[in-house]
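Everything below concerns the one structure shown next.
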Amino acid sequence: MYDPDELIQEFKTCTPLEKGALEWGETNSSVIANRLGIIDYQIDHSTRKTLSKEYYFPTGDGITYSKHPRFVDCPAHRHDFFELTYVWQGSVRQTVNNSAIDIGEGSLLLLDTNVRHSLERVDEDTFVVNIMMTKEYFNETLMKQFSCSNRITEFIFSALYRHSLSGNYLYFPLANDPEVRHCITAVLLELKHREPGSGEIINSFMTILLSFLAREGNCQDAGPSGSGTAPASVVGILDYINRHYMDLTLEKAAEAFHFSPNYLSRLLKKYTGKTFISIILELKLERSAALLQNTSMTITEAASASGFQNMNYFYKLFREKYGCTPKQFRTAQDTSAPSI
């Protein structure tokens with residue numbers, strides 16, 4: 001077992017950004033980062049900073065963490081991954097979509113992708129930690145753990161399938177809930193040490209954490225005006241597809257929910273922007289990628305085990321999704337740290 005006090009020591013230790021702030025008397029994190037040669041963002045067409053997952057997840061891991069820098073203001077920015085901000089000690093003011101939120105000790109904020117937000121500087125004794133997760137981690141690891149519709153599944157659904165709904169957040173003003181603190185501590189320590197079995201432990205504690213939050217009554221949420229949420233039936237359908245995609249047809253799925261195939265097809269297209277077959281193919285490709293990464297199967301065997309018999313078709317779809325061939329994908333994974 002790891003000692004939680006080592007996290008406190010890590011939080012107290014100044015990062016290069018914090019040292020730069022103290023040494024130069026500069027409070028703008030972007031200015032300090034540029035001066036240190038830390039280029040951790042890309043500029044989008046609207047000139048707002050968009051933090052990229054390629055910088056924060058260089059080895060392909062789906063989940064990681066970082067301490068929020070003290071002594072500096074973090075200007076408005078967005079990022080293409082999920083962020084769970086947890087206030088370990090003290091408090092911080094974060095502005096999300098032009099709304100100021102004072103996050104107290106023990107409270108947390110779960111941000112969707114592409115949410116414009118900024119943070120005011122905190123003092124030496126305030127410790128804020130960000131747990132960052134890719135969309136793939138949410139979809140391939142967390143979404144499949146929930147079998148019923150709740151606040152968390154609706155949030156994940158909106159983020160993964162409704163591109164027009166980017167901008168949601170969930171804020172939980174908690175008073176140092178011991179169960180939440182225990183889950184976050186376990187996740188951080190496993191991420192810090194990354195010993196054999198850490199991936200499974202992290203995934204388990206993240207599922208438990210989100211399950212606690214799903215039944216937490218003290219929650220504030222927000223999204224774009226008039227966005228609405230998907231019907232619970234759609235979340236249930238996606239969960240069913242996630243569990244049975246290997247041998248599932250549109251007709252079988254429609255029968256399971258007492259819908260006509262045409263109605264089910266229109267429902268999925270309306271709320272996900274994807275067709276039934278595209279969702280199935282995406283899940284099969286994710287399975288093939290996992291087999292290439294975690295087994296010694298040949299490419300042909302991995303494709304066949306994922307439901308692909310036509311190898312030319314498999315190669316075409318794989319390249320479209322991952323931007324490389326299956327062989328290149330496997331080689332890249334072999335030369336990086338194990339994926340969580």
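Each chain in the structure tokens gets a letter, A, B, ..., in the order shown, and its residues are numbered from 1; ligands are numbered from 1 in order too.
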Practice item. Would you list, as an NGL selection string, the residues of region 27-257 of chain A that end up in helix (DSSP H, G or I) under DSSP run on this structure's backbone? Key: :A and (29-36 or 53-56 or 135-145 or 151-161 or 163-165 or 178-193 or 198-214 or 232-247 or 250-256)
With a distance cut-off of 12 Å and only C-alpha atoms, select the neighbouring residues of His193 (chain A), excluding the residue or stretch itself and same-chain residues fewer than 6 positions from it, and output the selection as a PDB file with N, CA and C atoms, in the first residue's frame.
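Final output, saved to part-v7.pdb:
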ATOM      1  N   MET A   1       0.851  -1.204   0.000  1.00  0.00           N
ATOM      2  CA  MET A   1       0.000   0.000   0.000  1.00  0.00           C
ATOM      3  C   MET A   1       0.882   1.249   0.000  1.00  0.00           C
ATOM      4  N   TYR A   2       0.424   2.268  -0.689  1.00  0.00           N
ATOM      5  CA  TYR A   2       1.183   3.504  -0.774  1.00  0.00           C
ATOM      6  C   TYR A   2       0.771   4.456   0.350  1.00  0.00           C
ATOM      7  N   ASP A   3       1.659   5.378   0.664  1.00  0.00           N
ATOM      8  CA  ASP A   3       1.419   6.348   1.720  1.00  0.00           C
ATOM      9  C   ASP A   3       0.796   7.610   1.108  1.00  0.00           C
ATOM     10  N   GLU A   6       2.672  11.020   0.552  1.00  0.00           N
ATOM     11  CA  GLU A   6       3.585  11.339  -0.544  1.00  0.00           C
ATOM     12  C   GLU A   6       2.909  12.252  -1.573  1.00  0.00           C
ATOM     13  N   LEU A   7       1.580  12.222  -1.620  1.00  0.00           N
ATOM     14  CA  LEU A   7       0.879  13.146  -2.500  1.00  0.00           C
ATOM     15  C   LEU A   7       1.015  14.572  -1.983  1.00  0.00           C
ATOM     16  N   THR A  64      -4.619  10.439 -16.812  1.00  0.00           N
ATOM     17  CA  THR A  64      -3.418  10.923 -16.143  1.00  0.00           C
ATOM     18  C   THR A  64      -3.828  12.041 -15.180  1.00  0.00           C
ATOM     19  N   ALA A 186      -6.682   6.922  -4.133  1.00  0.00           N
ATOM     20  CA  ALA A 186      -6.258   5.638  -4.716  1.00  0.00           C
ATOM     21  C   ALA A 186      -5.894   5.805  -6.181  1.00  0.00           C
ATOM     22  N   VAL A 187      -6.705   6.546  -6.937  1.00  0.00           N
ATOM     23  CA  VAL A 187      -6.432   6.768  -8.363  1.00  0.00           C
ATOM     24  C   VAL A 187      -5.107   7.505  -8.547  1.00  0.00           C
ATOM     25  N   GLY A 199      -3.697  -0.397 -13.880  1.00  0.00           N
ATOM     26  CA  GLY A 199      -4.785  -0.047 -14.789  1.00  0.00           C
ATOM     27  C   GLY A 199      -6.128  -0.530 -14.291  1.00  0.00           C
ATOM     28  N   ILE A 201      -6.936  -1.332 -11.205  1.00  0.00           N
ATOM     29  CA  ILE A 201      -7.281  -0.655  -9.951  1.00  0.00           C
ATOM     30  C   ILE A 201      -7.814   0.749 -10.234  1.00  0.00           C
ATOM     31  N   ILE A 202      -7.151   1.459 -11.139  1.00  0.00           N
ATOM     32  CA  ILE A 202      -7.591   2.807 -11.497  1.00  0.00           C
ATOM     33  C   ILE A 202      -9.000   2.782 -12.075  1.00  0.00           C
TER      34      ILE A 202
END
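In this comparison, which uses only C-alpha atoms, the residue of A:Phe276, A:Phe314, A:Tyr86, A:Phe205 approaching Thr249 (chain A) most closely is A:Phe276.
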**Study point:** Residues near region 318-332 of chain A, cut-off 12 Å, only C-alpha atoms, skip fewer than 6 positions along chain, as a PyMOL selection string
**Key:** chain A and resi 58-60+136+278+281-303+306+308+311-312+338-339
Taking C-alpha atoms for each residue, export the selection above as a compact mmCIF listing (two decimals), in the first residue's frame.
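part25.txt written:
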# COMPACT_ATOMS: atom_id res chain seq x y z
CA PRO A 58 2.12 11.26 -24.94
CA THR A 59 2.26 7.49 -24.38
CA GLY A 60 -1.36 6.88 -25.32
CA GLU A 136 -11.57 6.99 -25.70
CA SER A 278 -20.97 2.96 -37.94
CA LEU A 281 -17.83 -0.86 -36.77
CA GLU A 282 -16.26 1.61 -34.35
CA LEU A 283 -16.65 -0.83 -31.47
CA LYS A 284 -15.17 -3.67 -33.52
CA LEU A 285 -12.20 -1.52 -34.49
CA GLU A 286 -11.62 -0.64 -30.83
CA ARG A 287 -11.66 -4.36 -30.04
CA SER A 288 -9.13 -5.10 -32.77
CA ALA A 289 -6.86 -2.32 -31.48
CA ALA A 290 -7.04 -3.74 -27.95
CA LEU A 291 -6.14 -7.21 -29.25
CA LEU A 292 -3.18 -5.84 -31.21
CA GLN A 293 -2.00 -3.97 -28.15
CA ASN A 294 -2.50 -6.63 -25.49
CA THR A 295 -2.11 -10.02 -27.22
CA SER A 296 0.30 -11.79 -29.57
CA MET A 297 -2.41 -12.41 -32.17
CA THR A 298 -1.46 -11.79 -35.77
CA ILE A 299 -3.18 -8.90 -37.50
CA THR A 300 -5.39 -11.33 -39.41
CA GLU A 301 -6.34 -13.15 -36.21
CA ALA A 302 -7.13 -9.88 -34.40
CA ALA A 303 -9.26 -8.70 -37.31
CA SER A 306 -13.20 -8.59 -34.04
CA PHE A 308 -13.75 -8.60 -39.88
CA MET A 311 -8.86 -7.73 -44.71
CA ASN A 312 -8.79 -4.96 -47.31
CA PRO A 338 1.50 0.23 -21.25
CA SER A 339 -1.86 1.84 -21.91
Revision key, fill the gap. Met143 (chain A) proximity check over A:Lys192, A:Arg78, A:Arg243, A:His117, using only C-alpha atoms: winner is A:Arg243
